[in-house]
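Read the structure below first, then the notes.
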Amino acid sequence: MTANWAAFATAEPDLAGTVEKRFGAYTHHILATLRKDGSPRTSGLEVRFLNGELWLGMMPDSLKALDLRRDPRFALQANPGEGTGMGGGDVRISGRAIEVDDVETKAGYVEEVEPPEPFHLFRTELTEVVRTYVEDDTYLVVQVWTPGAPLRTIKRT
């Protein structure tokens with residue numbers, strides 16, 4: 001089961017706001033894709049939250065774009081920033097990336113983002129959103145959302 005960003009934000013608006021804020025704090029984040037042989041590849045990436053979708057834009061024929069064309073599964077981690085502060089916690093999103101070839105959709109993205117052209121554009125279908133943070137210098141708190149299930153919160157000492 002998957003959901004787009006709007007469905008997630010409707011189901012869990014507080015967590016969605018925290019996730020967007022974490023991704024908005026820095027420009028570059030880490031994308032994990034799968035190579036031809038199944039081994040992981042990590043790459044830097046900029047992301048955009050627009051019109052109820054989480055978008056991934058990439059240079060033409062970049063290895064990460066070719067990976068996603070072959071196998072759409074991805075994991076995305078927000079840039080943790082400097083030092084060990086992790087303001088807002090560690091945030092990760094997993095799902096499937098679907099390439100967008102629709103001319104009107106790409107034109108709308110170009111109008112909003114002004115990316116260098118040409119480019120690959122992928123919209124995402126989320127399978128999991130996870131936030132991990134420390135509460136009161138005592139607890140490690142893990143929030144896990146998956147489509148169709150309530151938010152789970154796990155506290156560990």
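Chain lettering (A, B, ...) mirrors the order of the structure tokens, residue numbering begins at 1 for each chain separately, and ligand numbering begins at 1 in order of display.
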
Expected answer as number ranges by chain: strand (DSSP E) residues in segment 69-156 of chain A: A: 73-77, 90-99, 120-135, 139-145, 152-156

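Every residue of segment 48-118 of chain A with a DSSP assignment of alpha helix (DSSP H), taken from the backbone, is listed as A:Leu63, A:Lys64, A:Ala65, A:Leu66, A:Asp67, A:Leu68, A:Arg69, A:Arg70, A:Val103, A:Glu104, A:Thr105, A:Lys106, A:Ala107, A:Gly108, A:Tyr109, A:Val110, A:Glu111, A:Glu112, A:Val113.
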
Who sits within 8 Å of segment 2-6 of chain A, only C-alpha atoms, same chain under 3 positions skipped, as a ChimeraX atom specification: /A:9-10,49,52-54,95,124-127,147

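Minimum distance to Arg131 of chain A across A:Ile98, A:Ile93, A:Ala25, A:Met1 (counting only C-alpha atoms) occurs at A:Ile93.
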
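Closest approach to Glu99 of chain A from the set A:Gly57, A:Pro115, A:Gly38, A:Gly17 is made by A:Gly57, with distances taken over only C-alpha atoms.
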
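Proximity of A:Val91, A:Ala149, A:Val144, A:Val129 to Phe23 of chain A, computed with only C-alpha atoms, is greatest for A:Val91.
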
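Every protein, DNA or RNA residue with an atom at most 7 Å from Pro60 of chain A, where only C-alpha atoms count and chain neighbours fewer than 6 positions away do not, is listed here: A:Pro118, A:Phe119, A:His120.
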
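Here the question is which of A:Arg70, A:Lys106, A:Arg92, A:Arg48 gets nearest to Tyr133 of chain A using only C-alpha atoms, and that residue is A:Arg92.
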
Please provide the set of residues having any atom within 10 Å of Glu135 of chain A, restricted to only C-alpha atoms, with same-chain residues fewer than 4 positions apart removed, written as a ChimeraX atom specification. /A:89,139-141,155-157

Near Asp90 of chain A, counting only C-alpha atoms, which residues have an atom at most 10 Å away, once you skip same-chain residues fewer than 2 positions from it, shown as a PyMOL selection string? chain A and resi 19+22+77-80+86-88+92+130-134+142

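Closest approach to Leu45 of chain A from the set A:Leu76, A:Leu121, A:Glu104, A:Asp71 is made by A:Leu76, with distances taken over only C-alpha atoms.
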
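Pairwise distance (atom CA of Ser43 of chain A, atom CA of Leu31 of chain A) equals 5.3 Å.
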
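Here atom CA of Ala75 of chain A is placed at a distance of 24.5 Å from atom CA of Glu112 of chain A.
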
Record the distance separating atom CA of Glu114 of chain A and atom CA of Arg96 of chain A, expressed in Å with one decimal. 24.0 Å

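Using only C-alpha atoms, the nearest neighbour of Phe74 of chain A within the list A:Asp102, A:Asp61, A:Glu20, A:Glu128 is A:Glu128.
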